[in-house]
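Peer 1: Starting off with a structure, shown below.
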Amino acid sequence: MSLKPLGMVKTIVEAAGMGISYAYDDLVFLDHNSFLLQFADNGGEVTIHVNSEADEALVRPDIERLQDVACNQNMQFSRGGLYTLVPDGESSIRIEFSE
């Protein structure tokens, strides 16, 4: 199991004017719910998954800003698919990913 560069991702996210609310395993949740980040197997790559309920026109500039900052830090932030938060019991949620 390789270490994830969470510190570098945090630096990139903050330089893009955003913040991290929670990190779990290979997922990084931002202060907003429009998209989340997922570490790829390669430590220098991160996949951006967009919330299926988000307005694409509103999140596109944020994603482009993240990608620009990441490029300057020798990391690659690539677009992935969509995700949906699904209730899973009374006090938990499940994340479903799709293309």
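Residues are named by chain letter and number: chains run A, B, ... in the order of the structure tokens, numbers start at 1 in each chain, and ligands are numbered from 1 in the order shown.
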Please identify all polymer residues within 9 Å of Leu85 in chain A, counting only C-alpha atoms, omitting same-chain residues fewer than 3 positions from it, and present them as a PDB file with N, CA, C and O atoms, in the first residue's frame.
Peer 2:
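Heads up, here's the output in selection_0.pdb:
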ATOM      1  N   ASN A  51     -20.427  15.456  -8.645  1.00  0.00           N
ATOM      2  CA  ASN A  51     -21.715  15.068  -8.081  1.00  0.00           C
ATOM      3  C   ASN A  51     -22.763  15.076  -9.191  1.00  0.00           C
ATOM      4  O   ASN A  51     -22.861  16.032  -9.958  1.00  0.00           O
ATOM      5  N   SER A  52     -23.553  14.026  -9.274  1.00  0.00           N
ATOM      6  CA  SER A  52     -24.557  13.916 -10.336  1.00  0.00           C
ATOM      7  C   SER A  52     -25.608  15.023 -10.242  1.00  0.00           C
ATOM      8  O   SER A  52     -26.291  15.307 -11.217  1.00  0.00           O
ATOM      9  N   ILE A  93     -24.193   6.942   4.575  1.00  0.00           N
ATOM     10  CA  ILE A  93     -24.439   7.095   3.142  1.00  0.00           C
ATOM     11  C   ILE A  93     -23.499   6.166   2.376  1.00  0.00           C
ATOM     12  O   ILE A  93     -22.485   5.721   2.897  1.00  0.00           O
ATOM     13  N   ARG A  94     -23.847   5.915   1.161  1.00  0.00           N
ATOM     14  CA  ARG A  94     -23.036   5.113   0.245  1.00  0.00           C
ATOM     15  C   ARG A  94     -22.746   5.993  -0.957  1.00  0.00           C
ATOM     16  O   ARG A  94     -23.592   6.777  -1.385  1.00  0.00           O
ATOM     17  N   ILE A  95     -21.570   5.875  -1.501  1.00  0.00           N
ATOM     18  CA  ILE A  95     -21.205   6.627  -2.692  1.00  0.00           C
ATOM     19  C   ILE A  95     -21.235   5.668  -3.883  1.00  0.00           C
ATOM     20  O   ILE A  95     -20.568   4.637  -3.866  1.00  0.00           O
ATOM     21  N   GLU A  96     -22.026   6.033  -4.890  1.00  0.00           N
ATOM     22  CA  GLU A  96     -22.095   5.228  -6.101  1.00  0.00           C
ATOM     23  C   GLU A  96     -21.449   6.021  -7.234  1.00  0.00           C
ATOM     24  O   GLU A  96     -21.803   7.166  -7.484  1.00  0.00           O
TER      25      GLU A  96
END
Peer 1: For Val50 in chain A, list every protein, DNA or RNA residue within 12 Å, evaluated using only C-alpha atoms, and leave out those in the same chain fewer than 2 positions away; present the list as an MDAnalysis selection string.
Peer 2: chainID A and resid 29:30 32:38 47:48 52:60 62:63 78:85 95:99
Peer 1: Within 10 Å of Gly44 in chain A, counting only C-alpha atoms, which residues show up once you throw out same-chain ones fewer than 5 positions away? Write them as a PDB file with N, CA and C atoms, in the first residue's frame, please.
Peer 2:
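Output (part16.pdb):
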ATOM      1  N   LYS A   4      -0.494   8.138   0.203  1.00  0.00           N
ATOM      2  CA  LYS A   4      -1.162   9.109  -0.662  1.00  0.00           C
ATOM      3  C   LYS A   4      -0.605  10.497  -0.345  1.00  0.00           C
ATOM      4  N   PRO A   5      -0.359  11.313  -1.348  1.00  0.00           N
ATOM      5  CA  PRO A   5       0.197  12.658  -1.116  1.00  0.00           C
ATOM      6  C   PRO A   5      -0.882  13.660  -0.677  1.00  0.00           C
ATOM      7  N   MET A   8       0.196  17.372  -0.348  1.00  0.00           N
ATOM      8  CA  MET A   8       0.325  18.076  -1.621  1.00  0.00           C
ATOM      9  C   MET A   8      -1.055  18.415  -2.178  1.00  0.00           C
ATOM     10  N   VAL A   9      -1.994  17.484  -2.080  1.00  0.00           N
ATOM     11  CA  VAL A   9      -3.351  17.732  -2.566  1.00  0.00           C
ATOM     12  C   VAL A   9      -3.989  18.862  -1.764  1.00  0.00           C
ATOM     13  N   PHE A  39      -7.609   9.495  -5.126  1.00  0.00           N
ATOM     14  CA  PHE A  39      -6.233   9.196  -5.490  1.00  0.00           C
ATOM     15  C   PHE A  39      -6.199   8.003  -6.433  1.00  0.00           C
ATOM     16  N   ALA A  70      -2.622  22.074  -9.992  1.00  0.00           N
ATOM     17  CA  ALA A  70      -1.995  20.759  -9.891  1.00  0.00           C
ATOM     18  C   ALA A  70      -0.863  20.610 -10.901  1.00  0.00           C
ATOM     19  N   GLN A  73       2.273  21.973  -9.801  1.00  0.00           N
ATOM     20  CA  GLN A  73       2.868  21.184  -8.722  1.00  0.00           C
ATOM     21  C   GLN A  73       3.276  19.781  -9.198  1.00  0.00           C
ATOM     22  N   ASN A  74       3.332  19.594 -10.508  1.00  0.00           N
ATOM     23  CA  ASN A  74       3.710  18.307 -11.107  1.00  0.00           C
ATOM     24  C   ASN A  74       2.783  17.156 -10.707  1.00  0.00           C
ATOM     25  N   MET A  75       1.503  17.488 -10.572  1.00  0.00           N
ATOM     26  CA  MET A  75       0.485  16.460 -10.353  1.00  0.00           C
ATOM     27  C   MET A  75      -0.552  16.590 -11.444  1.00  0.00           C
ATOM     28  N   GLN A  76      -1.277  15.519 -11.683  1.00  0.00           N
ATOM     29  CA  GLN A  76      -2.311  15.520 -12.710  1.00  0.00           C
ATOM     30  C   GLN A  76      -3.662  15.253 -12.066  1.00  0.00           C
ATOM     31  N   PHE A  77      -4.589  16.189 -12.249  1.00  0.00           N
ATOM     32  CA  PHE A  77      -5.973  16.030 -11.792  1.00  0.00           C
ATOM     33  C   PHE A  77      -6.820  15.803 -13.038  1.00  0.00           C
TER      34      PHE A  77
END
Peer 1: I need the residues of chain A that end up classed as strand (DSSP E or B) by DSSP on the backbone, written out as a ChimeraX atom specification.
Peer 2: /A:20-24,27-30,35-39,45-51,76-87,93-98
Peer 1: Store the residues picked out above, limited to C-alpha atoms, as a PDB file, in the first residue's frame.
Peer 2:
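Saved to selection.pdb:
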ATOM      1  CA  ILE A  20     -10.844  19.900   2.372  1.00  0.00           C
ATOM      2  CA  SER A  21     -13.539  18.817   4.794  1.00  0.00           C
ATOM      3  CA  TYR A  22     -12.660  15.125   5.128  1.00  0.00           C
ATOM      4  CA  ALA A  23     -10.262  12.511   3.773  1.00  0.00           C
ATOM      5  CA  TYR A  24     -10.938   8.789   3.959  1.00  0.00           C
ATOM      6  CA  LEU A  27     -11.171   9.805  -1.245  1.00  0.00           C
ATOM      7  CA  VAL A  28     -10.898  13.519  -0.464  1.00  0.00           C
ATOM      8  CA  PHE A  29     -14.111  15.427   0.223  1.00  0.00           C
ATOM      9  CA  LEU A  30     -14.060  19.171  -0.347  1.00  0.00           C
ATOM     10  CA  PHE A  35     -17.126  17.126  -6.668  1.00  0.00           C
ATOM     11  CA  LEU A  36     -14.716  14.920  -4.773  1.00  0.00           C
ATOM     12  CA  LEU A  37     -11.182  13.733  -5.397  1.00  0.00           C
ATOM     13  CA  GLN A  38      -9.881  10.179  -5.573  1.00  0.00           C
ATOM     14  CA  PHE A  39      -6.233   9.196  -5.490  1.00  0.00           C
ATOM     15  CA  GLU A  45      -2.554  11.425 -10.224  1.00  0.00           C
ATOM     16  CA  VAL A  46      -5.941  12.351  -8.789  1.00  0.00           C
ATOM     17  CA  THR A  47      -9.347  11.734 -10.358  1.00  0.00           C
ATOM     18  CA  ILE A  48     -12.105  14.331 -10.030  1.00  0.00           C
ATOM     19  CA  HIS A  49     -15.616  12.889  -9.720  1.00  0.00           C
ATOM     20  CA  VAL A  50     -18.532  15.322 -10.145  1.00  0.00           C
ATOM     21  CA  ASN A  51     -21.715  15.068  -8.081  1.00  0.00           C
ATOM     22  CA  GLN A  76      -2.311  15.520 -12.710  1.00  0.00           C
ATOM     23  CA  PHE A  77      -5.973  16.030 -11.792  1.00  0.00           C
ATOM     24  CA  SER A  78      -8.106  14.231 -14.392  1.00  0.00           C
ATOM     25  CA  ARG A  79     -11.864  14.162 -14.890  1.00  0.00           C
ATOM     26  CA  GLY A  80     -13.565  10.958 -13.888  1.00  0.00           C
ATOM     27  CA  GLY A  81     -17.229  10.164 -13.952  1.00  0.00           C
ATOM     28  CA  LEU A  82     -20.119  11.100 -11.730  1.00  0.00           C
ATOM     29  CA  TYR A  83     -20.978  10.122  -8.187  1.00  0.00           C
ATOM     30  CA  THR A  84     -24.204  10.022  -6.224  1.00  0.00           C
ATOM     31  CA  LEU A  85     -24.686   9.997  -2.455  1.00  0.00           C
ATOM     32  CA  VAL A  86     -27.251   7.349  -1.529  1.00  0.00           C
ATOM     33  CA  PRO A  87     -28.720   6.927   1.981  1.00  0.00           C
ATOM     34  CA  ILE A  93     -24.439   7.095   3.142  1.00  0.00           C
ATOM     35  CA  ARG A  94     -23.036   5.113   0.245  1.00  0.00           C
ATOM     36  CA  ILE A  95     -21.205   6.627  -2.692  1.00  0.00           C
ATOM     37  CA  GLU A  96     -22.095   5.228  -6.101  1.00  0.00           C
ATOM     38  CA  PHE A  97     -19.769   6.021  -9.005  1.00  0.00           C
ATOM     39  CA  SER A  98     -20.828   6.037 -12.649  1.00  0.00           C
TER      40      SER A  98
END
